[in-house]
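To start, the structure under review is shown below, and the notes come after it.
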Amino acid sequence: MPPADIQTRVFAVDPWKPDPETIATAAAAIRSGQLVAFPTETVYGLGANALDEAAVAGIFTAKGRPAHNPVIVHIASADAAVSLSADWNATARTLTAAFWPGPLTLVTRRAACIPDIVTAGGDTVALRVPAHPVALALLMEAGVPIAAPSANRSSHISPTTAQHVLMELGGRIHLILDAGPTECGLESTVVDCTGPQPRILRPGPITPSQIGAALGLALASLAESGPVSGGPLRSPGLLPRHYAPSVPLTVTPGSAADAVQQALAGGQMVGWLAVEDSLPITHSRLRLVSLPRNAQAYAHALYAALRQLEAAGVDCMFVDAVPAGEEWLAVRDRLSKAGGQPRQR
Ligand code: TXA
Ligand code: MG
């Protein structure tokens, strides 16, 4: 890790009507090779000029991200995808017409202009047009594609506020655009469009049914099949542990009340992420956060809740199982990754 010696500036921006001068400053920073964290509708991204290899290398250093994990390239409109992809095929065109701007990332064959560091040396690139006025204004003003993973330290929880970004990356990046909490709260759906059949590599706000309906295909089974074992790493976001808090997290079947009681009896300081209708317990060593039994509202609040429990200094976290059903798919995926065992690679 490099010394944290960069002065990080934080600019507040109106999420709906960003001030042009602030956007111009951030865009100039991007063009000059600096790192700028910005809001999207999913989570905050850590951006750099995607065509500037040294700038993108700065993202990997700031995050402590392994070089084998490629980054998403954000663009201002679907038109820009054509010059960044070597095969902008019918699947990609149909999906972008249906869902861009929006929380959908498409993996496509890369064009030669994309530096190796962006794709982790692979022959594909992930592209997305975010649906956030600040992100779109920044992309348009910068006039370059912006490579941006989530603005957190590698493997940790993605940031849904500018404060989260500042806590993790303050002193390592140049600028943060603060437009308040993000709307979705979970990262975009990633779809691989390079094969004969599109594949969902990471579930997210756009559901398999929505994707299937746009393409006239049944995709639900592909999304539920989970990470492929063996073979090349299709998408490092599929690794069993990712998006994780710094203490052990267990998702229990049904309510976590019994597991919580047991851990309390064992003398631990315990965090409980409950759904709102769970019967609460009170205890001096228990920190309880209740989230709504509504998939969108739960997703919106999840990462902030995990950070809140982490900051409270708990030794372990227990999470009530969330409902079955497709609208909860992305939440289940992130919870299972938050609790995954560290993988030896
Ligand atoms: O919502 C989002 O997608 C946020 C915002 C900032 O746009 N970004 C984000 O980026 O979550 P990141 O880097 O944290 O996650 C990107 C995911 C990772 O799982 C990465 O492995 C995968 O996309 N990915 C990137 N390029 C890929 C490629 N060429 N092929 C397969 N997977 C790729
Ligand atoms: Mg990430």
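As shown in the structure tokens, the chain order sets the letters A, B, ...; within each chain, residues go from 1, and ligands are also counted from 1 in the order they appear.
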
Show me which residues sit within 10 Å of ligand 2 when counting only C-alpha atoms and all ligand atoms, and put them as a compact mmCIF listing (two decimals) with all heavy atoms, in the first residue's frame.
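Saved result, pocket.txt, follows:
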```
# COMPACT_ATOMS: atom_id res chain seq x y z
N VAL A 43 -24.02 2.11 -6.45
CA VAL A 43 -23.09 2.41 -5.35
C VAL A 43 -22.13 3.49 -5.86
O VAL A 43 -22.18 3.85 -7.04
CB VAL A 43 -22.27 1.14 -4.94
CG1 VAL A 43 -23.21 0.04 -4.45
CG2 VAL A 43 -21.38 0.64 -6.07
N TYR A 44 -21.29 4.03 -4.99
CA TYR A 44 -20.28 5.00 -5.45
C TYR A 44 -19.17 4.26 -6.20
O TYR A 44 -18.75 3.17 -5.80
CB TYR A 44 -19.69 5.78 -4.28
CG TYR A 44 -20.52 6.98 -3.87
CD1 TYR A 44 -21.72 6.81 -3.18
CD2 TYR A 44 -20.13 8.27 -4.20
CE1 TYR A 44 -22.50 7.91 -2.82
CE2 TYR A 44 -20.90 9.38 -3.84
CZ TYR A 44 -22.09 9.19 -3.16
OH TYR A 44 -22.86 10.27 -2.82
N GLY A 45 -18.70 4.87 -7.30
CA GLY A 45 -17.60 4.30 -8.07
C GLY A 45 -16.33 5.10 -7.87
O GLY A 45 -16.39 6.28 -7.53
N LEU A 46 -15.18 4.44 -8.07
CA LEU A 46 -13.90 5.14 -8.03
C LEU A 46 -13.40 5.26 -9.46
O LEU A 46 -12.96 4.27 -10.05
CB LEU A 46 -12.89 4.38 -7.16
CG LEU A 46 -11.50 5.01 -7.12
CD1 LEU A 46 -11.56 6.44 -6.61
CD2 LEU A 46 -10.57 4.18 -6.25
N LYS A 63 -7.32 0.95 -4.08
CA LYS A 63 -8.24 -0.05 -3.53
C LYS A 63 -7.54 -1.27 -2.95
O LYS A 63 -8.15 -2.05 -2.23
CB LYS A 63 -9.18 -0.56 -4.64
CG LYS A 63 -10.31 0.37 -5.00
CD LYS A 63 -11.23 -0.30 -6.02
CE LYS A 63 -11.82 -1.61 -5.54
NZ LYS A 63 -13.23 -1.64 -5.25
N ARG A 65 -6.68 -3.58 -5.01
CA ARG A 65 -7.42 -4.55 -5.82
C ARG A 65 -6.45 -5.46 -6.55
O ARG A 65 -5.48 -4.99 -7.16
CB ARG A 65 -8.28 -3.80 -6.84
CG ARG A 65 -9.23 -4.65 -7.70
CD ARG A 65 -10.03 -3.72 -8.59
NE ARG A 65 -10.95 -4.33 -9.50
CZ ARG A 65 -12.28 -4.44 -9.29
NH1 ARG A 65 -12.78 -4.05 -8.15
NH2 ARG A 65 -13.06 -4.94 -10.21
N ASN A 69 -8.58 -8.77 -11.35
CA ASN A 69 -10.00 -8.41 -11.33
C ASN A 69 -10.26 -7.19 -12.24
O ASN A 69 -9.89 -6.07 -11.91
CB ASN A 69 -10.43 -8.10 -9.89
CG ASN A 69 -11.95 -8.03 -9.74
OD1 ASN A 69 -12.68 -8.15 -10.73
ND2 ASN A 69 -12.41 -7.86 -8.52
N VAL A 71 -12.08 -4.08 -14.37
CA VAL A 71 -12.99 -3.02 -13.90
C VAL A 71 -14.03 -2.67 -14.97
O VAL A 71 -13.80 -2.85 -16.15
CB VAL A 71 -12.22 -1.75 -13.46
CG1 VAL A 71 -11.40 -2.01 -12.23
CG2 VAL A 71 -11.37 -1.20 -14.58
N ILE A 72 -15.15 -2.16 -14.50
CA ILE A 72 -16.23 -1.75 -15.41
C ILE A 72 -15.90 -0.39 -16.02
O ILE A 72 -15.43 0.51 -15.32
CB ILE A 72 -17.57 -1.66 -14.63
CG1 ILE A 72 -17.98 -3.03 -14.10
CG2 ILE A 72 -18.66 -1.07 -15.52
CD1 ILE A 72 -19.22 -3.01 -13.21
N ALA A 148 -14.43 2.43 -13.49
CA ALA A 148 -14.80 2.65 -12.09
C ALA A 148 -15.32 1.39 -11.43
O ALA A 148 -16.45 0.98 -11.68
CB ALA A 148 -15.85 3.76 -11.98
N PRO A 149 -14.50 0.81 -10.57
CA PRO A 149 -15.03 -0.22 -9.67
C PRO A 149 -15.72 0.49 -8.51
O PRO A 149 -15.69 1.73 -8.41
CB PRO A 149 -13.77 -0.93 -9.17
CG PRO A 149 -12.71 0.12 -9.23
CD PRO A 149 -13.09 1.07 -10.34
N SER A 150 -16.36 -0.26 -7.63
CA SER A 150 -16.95 0.34 -6.44
C SER A 150 -15.82 0.97 -5.62
O SER A 150 -14.70 0.47 -5.57
CB SER A 150 -17.68 -0.72 -5.64
OG SER A 150 -16.85 -1.84 -5.41
N ALA A 151 -16.14 2.10 -4.95
CA ALA A 151 -15.10 2.92 -4.30
C ALA A 151 -14.84 2.47 -2.85
O ALA A 151 -14.98 3.25 -1.91
CB ALA A 151 -15.50 4.39 -4.35
N ASN A 152 -14.48 1.20 -2.72
CA ASN A 152 -14.16 0.64 -1.40
C ASN A 152 -12.81 -0.06 -1.48
O ASN A 152 -12.31 -0.32 -2.57
CB ASN A 152 -15.23 -0.39 -1.00
CG ASN A 152 -15.48 -1.40 -2.10
OD1 ASN A 152 -16.20 -1.12 -3.07
ND2 ASN A 152 -14.85 -2.57 -1.99
N ARG A 153 -12.22 -0.37 -0.30
CA ARG A 153 -11.04 -1.23 -0.32
C ARG A 153 -11.45 -2.60 -0.85
O ARG A 153 -12.56 -3.07 -0.56
CB ARG A 153 -10.48 -1.39 1.10
CG ARG A 153 -10.03 -0.11 1.75
CD ARG A 153 -8.70 0.36 1.17
NE ARG A 153 -8.24 1.47 1.99
CZ ARG A 153 -7.34 1.33 2.98
NH1 ARG A 153 -6.82 0.15 3.24
NH2 ARG A 153 -6.99 2.38 3.68
N SER A 154 -10.56 -3.25 -1.56
CA SER A 154 -10.85 -4.52 -2.21
C SER A 154 -11.47 -5.51 -1.23
O SER A 154 -11.02 -5.65 -0.10
CB SER A 154 -9.56 -5.09 -2.77
OG SER A 154 -9.83 -6.24 -3.51
N SER A 155 -12.53 -6.19 -1.67
CA SER A 155 -13.27 -7.23 -0.93
C SER A 155 -14.20 -6.70 0.15
O SER A 155 -15.00 -7.45 0.69
CB SER A 155 -12.36 -8.25 -0.23
OG SER A 155 -11.60 -8.91 -1.13
N HIS A 156 -14.08 -5.43 0.51
CA HIS A 156 -14.94 -4.90 1.57
C HIS A 156 -16.31 -4.53 0.97
O HIS A 156 -16.57 -4.77 -0.20
CB HIS A 156 -14.24 -3.72 2.26
CG HIS A 156 -14.85 -3.34 3.56
ND1 HIS A 156 -15.13 -2.04 3.91
CD2 HIS A 156 -15.27 -4.09 4.61
CE1 HIS A 156 -15.68 -2.01 5.11
NE2 HIS A 156 -15.77 -3.24 5.57
N ILE A 157 -17.15 -3.97 1.83
CA ILE A 157 -18.52 -3.62 1.43
C ILE A 157 -18.49 -2.39 0.50
O ILE A 157 -17.76 -1.44 0.76
CB ILE A 157 -19.32 -3.27 2.71
CG1 ILE A 157 -19.22 -4.41 3.72
CG2 ILE A 157 -20.75 -2.93 2.37
CD1 ILE A 157 -19.58 -3.99 5.14
N SER A 158 -19.31 -2.42 -0.54
CA SER A 158 -19.36 -1.26 -1.44
C SER A 158 -19.95 -0.04 -0.73
O SER A 158 -20.80 -0.18 0.15
CB SER A 158 -20.24 -1.57 -2.66
OG SER A 158 -19.66 -2.57 -3.45
N PRO A 159 -19.50 1.17 -1.11
CA PRO A 159 -19.99 2.38 -0.44
C PRO A 159 -21.29 2.89 -1.04
O PRO A 159 -21.43 2.99 -2.25
CB PRO A 159 -18.86 3.39 -0.72
CG PRO A 159 -18.25 2.92 -1.99
CD PRO A 159 -18.48 1.45 -2.12
N LEU A 186 -27.15 -1.78 -4.16
CA LEU A 186 -26.38 -2.96 -4.56
C LEU A 186 -25.82 -2.71 -5.95
O LEU A 186 -26.38 -1.95 -6.73
CB LEU A 186 -27.25 -4.22 -4.61
CG LEU A 186 -27.83 -4.75 -3.30
CD1 LEU A 186 -28.56 -6.06 -3.58
CD2 LEU A 186 -26.75 -4.95 -2.25
N GLU A 187 -24.74 -3.41 -6.28
CA GLU A 187 -24.05 -3.21 -7.54
C GLU A 187 -24.90 -3.71 -8.72
O GLU A 187 -25.78 -4.57 -8.55
CB GLU A 187 -22.71 -3.95 -7.53
CG GLU A 187 -21.80 -3.61 -6.36
CD GLU A 187 -22.18 -4.34 -5.08
OE1 GLU A 187 -23.16 -5.11 -5.09
OE2 GLU A 187 -21.50 -4.14 -4.06
N PRO A 236 -14.47 -12.07 -11.16
CA PRO A 236 -14.03 -12.20 -9.77
C PRO A 236 -15.11 -11.83 -8.76
O PRO A 236 -15.07 -12.28 -7.64
CB PRO A 236 -12.83 -11.27 -9.70
CG PRO A 236 -12.32 -11.25 -11.10
CD PRO A 236 -13.54 -11.31 -11.97
N GLY A 237 -16.10 -11.04 -9.18
CA GLY A 237 -17.21 -10.73 -8.28
C GLY A 237 -18.00 -11.98 -7.93
O GLY A 237 -18.84 -11.97 -7.05
N HIS A 242 -16.67 -11.85 -0.91
CA HIS A 242 -16.57 -10.56 -1.58
C HIS A 242 -17.58 -9.70 -0.85
O HIS A 242 -18.42 -10.22 -0.13
CB HIS A 242 -17.00 -10.76 -3.04
CG HIS A 242 -16.35 -9.78 -3.96
ND1 HIS A 242 -15.10 -9.96 -4.46
CD2 HIS A 242 -16.78 -8.59 -4.48
CE1 HIS A 242 -14.80 -8.94 -5.25
NE2 HIS A 242 -15.80 -8.10 -5.27
N TYR A 243 -17.54 -8.40 -1.01
CA TYR A 243 -18.57 -7.55 -0.41
C TYR A 243 -18.71 -7.83 1.08
O TYR A 243 -19.81 -7.92 1.62
CB TYR A 243 -19.94 -7.78 -1.08
CG TYR A 243 -19.91 -7.85 -2.59
CD1 TYR A 243 -20.08 -9.04 -3.27
CD2 TYR A 243 -19.68 -6.68 -3.32
CE1 TYR A 243 -20.04 -9.08 -4.66
CE2 TYR A 243 -19.65 -6.72 -4.71
CZ TYR A 243 -19.82 -7.93 -5.36
OH TYR A 243 -19.78 -7.97 -6.73
```

What parts of range 136-195 of chain A does DSSP call helix (DSSP H, G or I)? I'd like the answer as a PDB file with N, CA and C atoms, in the first residue's frame.
```pdb
ATOM      1  N   LEU A 136     -23.659  10.910 -15.174  1.00  0.00           N
ATOM      2  CA  LEU A 136     -23.811  11.217 -16.603  1.00  0.00           C
ATOM      3  C   LEU A 136     -23.192  12.567 -16.949  1.00  0.00           C
ATOM      4  N   ALA A 137     -23.389  13.549 -16.072  1.00  0.00           N
ATOM      5  CA  ALA A 137     -22.799  14.874 -16.323  1.00  0.00           C
ATOM      6  C   ALA A 137     -21.272  14.777 -16.330  1.00  0.00           C
ATOM      7  N   LEU A 138     -20.731  14.002 -15.393  1.00  0.00           N
ATOM      8  CA  LEU A 138     -19.270  13.832 -15.324  1.00  0.00           C
ATOM      9  C   LEU A 138     -18.747  13.148 -16.590  1.00  0.00           C
ATOM     10  N   LEU A 139     -19.438  12.093 -17.029  1.00  0.00           N
ATOM     11  CA  LEU A 139     -19.011  11.368 -18.228  1.00  0.00           C
ATOM     12  C   LEU A 139     -19.052  12.268 -19.457  1.00  0.00           C
ATOM     13  N   MET A 140     -20.114  13.057 -19.568  1.00  0.00           N
ATOM     14  CA  MET A 140     -20.235  13.922 -20.747  1.00  0.00           C
ATOM     15  C   MET A 140     -19.167  15.005 -20.741  1.00  0.00           C
ATOM     16  N   GLU A 141     -18.948  15.593 -19.573  1.00  0.00           N
ATOM     17  CA  GLU A 141     -17.988  16.691 -19.480  1.00  0.00           C
ATOM     18  C   GLU A 141     -16.552  16.174 -19.651  1.00  0.00           C
ATOM     19  N   ALA A 142     -16.274  14.981 -19.102  1.00  0.00           N
ATOM     20  CA  ALA A 142     -14.905  14.436 -19.207  1.00  0.00           C
ATOM     21  C   ALA A 142     -14.598  14.066 -20.657  1.00  0.00           C
ATOM     22  N   ALA A 162     -21.000   9.070   0.331  1.00  0.00           N
ATOM     23  CA  ALA A 162     -19.671   9.668   0.172  1.00  0.00           C
ATOM     24  C   ALA A 162     -18.845   9.497   1.453  1.00  0.00           C
ATOM     25  N   GLN A 163     -19.516   9.455   2.608  1.00  0.00           N
ATOM     26  CA  GLN A 163     -18.790   9.255   3.872  1.00  0.00           C
ATOM     27  C   GLN A 163     -18.121   7.890   3.889  1.00  0.00           C
ATOM     28  N   HIS A 164     -18.828   6.869   3.365  1.00  0.00           N
ATOM     29  CA  HIS A 164     -18.214   5.535   3.291  1.00  0.00           C
ATOM     30  C   HIS A 164     -16.926   5.600   2.457  1.00  0.00           C
ATOM     31  N   VAL A 165     -16.995   6.324   1.340  1.00  0.00           N
ATOM     32  CA  VAL A 165     -15.821   6.424   0.457  1.00  0.00           C
ATOM     33  C   VAL A 165     -14.675   7.109   1.207  1.00  0.00           C
ATOM     34  N   LEU A 166     -15.013   8.202   1.859  1.00  0.00           N
ATOM     35  CA  LEU A 166     -13.982   8.981   2.557  1.00  0.00           C
ATOM     36  C   LEU A 166     -13.312   8.147   3.646  1.00  0.00           C
ATOM     37  N   MET A 167     -14.118   7.367   4.378  1.00  0.00           N
ATOM     38  CA  MET A 167     -13.551   6.534   5.448  1.00  0.00           C
ATOM     39  C   MET A 167     -12.555   5.514   4.900  1.00  0.00           C
ATOM     40  N   GLU A 168     -12.849   4.968   3.726  1.00  0.00           N
ATOM     41  CA  GLU A 168     -11.997   3.899   3.199  1.00  0.00           C
ATOM     42  C   GLU A 168     -10.853   4.409   2.341  1.00  0.00           C
ATOM     43  N   LEU A 169     -11.110   5.491   1.614  1.00  0.00           N
ATOM     44  CA  LEU A 169     -10.134   5.899   0.600  1.00  0.00           C
ATOM     45  C   LEU A 169      -9.606   7.313   0.797  1.00  0.00           C
TER      46      LEU A 169
END
```

Mind the document's chain letters and residue numbers, and return as a ChimeraX atom specification the residues of range 21-150 of chain A that DSSP labels strand (DSSP E). /A:36-38,45-49,72-74,104-109,124-128,146-147

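Contact shell of Gly325 in chain A at 12 Å (only C-alpha atoms; same-chain neighbours under 5 positions omitted): Thr207, Pro208, Ser209, Ala220, Glu224, Asn294, Ala295, Ala330, Val331 and Arg332 of chain A.
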
Counting only C-alpha atoms, which residue out of A:Cys184, A:Val275, A:Ala26, A:Leu175 sits closest to Pro323 in chain A? A:Val275

Can you tell me which residues surround Asp52 in chain A at a distance of at most 10 Å, considering only C-alpha atoms, apart from same-chain residues fewer than 5 positions away, and format the answer as a list in words?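 The filter keeps Ile30, Arg31, Ser32, Gly33, Ala57, Ile114, Pro115, Ile117, Val118, Val144, Pro145, Ile146 and Ala147 of chain A.
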
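Nearest to ligand 1 of all the residues A:Ala67, A:Ser85, A:Gly122, A:Gln34 is A:Gly122, counting only C-alpha atoms and all ligand atoms.
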
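Those residues that approach Leu288 in chain A to within 8 Å, counting only C-alpha atoms, are Gly271, Trp272, Leu273, Ala274 and Leu309 of chain A; same-chain residues fewer than 4 positions away are not listed.
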
Using only C-alpha atoms, which residues sit within 7 Å of range 254-270 of chain A once same-chain residues fewer than 2 positions away are excluded, as a list in words?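 Counting only C-alpha atoms, the residues come to Thr252, Trp272, Ser278, Arg285, Leu286, Arg287, Val314, Asp315, Cys316, Met317, Phe318, Val319, Asp320 and Ala321 of chain A.
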
Selection from above, N, CA and C atoms, as a PDB file, in the first residue's frame, can you write it?
```pdb
ATOM      1  N   THR A 252     -28.703 -17.045   8.959  1.00  0.00           N
ATOM      2  CA  THR A 252     -29.335 -18.211   9.585  1.00  0.00           C
ATOM      3  C   THR A 252     -30.595 -18.580   8.803  1.00  0.00           C
ATOM      4  N   TRP A 272     -26.878  -8.021  15.003  1.00  0.00           N
ATOM      5  CA  TRP A 272     -28.015  -8.763  14.426  1.00  0.00           C
ATOM      6  C   TRP A 272     -28.656  -7.895  13.361  1.00  0.00           C
ATOM      7  N   SER A 278     -39.096  -9.408  12.806  1.00  0.00           N
ATOM      8  CA  SER A 278     -38.458 -10.344  13.730  1.00  0.00           C
ATOM      9  C   SER A 278     -38.719  -9.864  15.166  1.00  0.00           C
ATOM     10  N   ARG A 285     -24.895  -6.351  25.166  1.00  0.00           N
ATOM     11  CA  ARG A 285     -23.865  -6.656  24.162  1.00  0.00           C
ATOM     12  C   ARG A 285     -24.457  -6.931  22.784  1.00  0.00           C
ATOM     13  N   LEU A 286     -25.716  -6.569  22.576  1.00  0.00           N
ATOM     14  CA  LEU A 286     -26.356  -6.778  21.276  1.00  0.00           C
ATOM     15  C   LEU A 286     -26.548  -5.453  20.545  1.00  0.00           C
ATOM     16  N   ARG A 287     -26.157  -5.414  19.286  1.00  0.00           N
ATOM     17  CA  ARG A 287     -26.474  -4.274  18.427  1.00  0.00           C
ATOM     18  C   ARG A 287     -27.414  -4.792  17.340  1.00  0.00           C
ATOM     19  N   VAL A 314     -18.834  -4.996  16.853  1.00  0.00           N
ATOM     20  CA  VAL A 314     -19.303  -6.356  17.161  1.00  0.00           C
ATOM     21  C   VAL A 314     -18.240  -7.392  16.794  1.00  0.00           C
ATOM     22  N   ASP A 315     -18.300  -8.555  17.484  1.00  0.00           N
ATOM     23  CA  ASP A 315     -17.359  -9.654  17.201  1.00  0.00           C
ATOM     24  C   ASP A 315     -17.864 -10.520  16.058  1.00  0.00           C
ATOM     25  N   CYS A 316     -19.179 -10.538  15.875  1.00  0.00           N
ATOM     26  CA  CYS A 316     -19.777 -11.394  14.845  1.00  0.00           C
ATOM     27  C   CYS A 316     -21.136 -10.813  14.484  1.00  0.00           C
ATOM     28  N   MET A 317     -21.613 -11.201  13.304  1.00  0.00           N
ATOM     29  CA  MET A 317     -22.940 -10.720  12.873  1.00  0.00           C
ATOM     30  C   MET A 317     -23.795 -11.900  12.470  1.00  0.00           C
ATOM     31  N   PHE A 318     -25.080 -11.814  12.809  1.00  0.00           N
ATOM     32  CA  PHE A 318     -26.060 -12.800  12.352  1.00  0.00           C
ATOM     33  C   PHE A 318     -27.129 -12.070  11.561  1.00  0.00           C
ATOM     34  N   VAL A 319     -27.576 -12.728  10.499  1.00  0.00           N
ATOM     35  CA  VAL A 319     -28.525 -12.092   9.593  1.00  0.00           C
ATOM     36  C   VAL A 319     -29.730 -13.009   9.426  1.00  0.00           C
ATOM     37  N   ASP A 320     -30.929 -12.480   9.659  1.00  0.00           N
ATOM     38  CA  ASP A 320     -32.150 -13.247   9.386  1.00  0.00           C
ATOM     39  C   ASP A 320     -32.171 -13.620   7.912  1.00  0.00           C
ATOM     40  N   ALA A 321     -32.609 -14.854   7.616  1.00  0.00           N
ATOM     41  CA  ALA A 321     -32.787 -15.234   6.212  1.00  0.00           C
ATOM     42  C   ALA A 321     -33.782 -14.265   5.573  1.00  0.00           C
TER      43      ALA A 321
END
```

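Taking only C-alpha atoms and all ligand atoms into account, ligand 1 lies nearest to A:Val125 out of the set A:Ala28, A:Ile23, A:Ala54, A:Val125.
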
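By only C-alpha atoms, and with residues fewer than 6 positions from Glu310 in chain A along its chain excluded, the set lying at most 8 Å from it is Pro245, Ser246 and Val247 of chain A.
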
Selection export as a compact mmCIF listing (two decimals), in the first residue's frame, atoms kept: C-alpha atoms:
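Written out: part_20.txt:
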```txt
# COMPACT_ATOMS: atom_id res chain seq x y z
CA PRO A 245 -17.59 -6.93 6.51
CA SER A 246 -14.47 -7.41 8.65
CA VAL A 247 -16.08 -9.80 11.17
```

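For the pair CA of Ile75 in chain A and CA of Val129 in chain A, the interatomic distance is 5.2 Å.
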
Record the distance separating CA of Ala81 in chain A and atom 29 (N, counted along the ligand's line) of ligand 1, expressed in Å with one decimal.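 Taking CA of Ala81 in chain A as the start and atom 29 (N, counted along the ligand's line) of ligand 1 as the end point, the length is 13.6 Å.
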
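Among the candidates A:Ile6, A:Leu291, A:Ala48, A:Ala218, the residue lying nearest to ligand 1 is A:Ala48 (atoms considered: only C-alpha atoms and all ligand atoms).
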
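Take CA of Val10 in chain A and CA of Ile176 in chain A: the distance between them is 4.7 Å.
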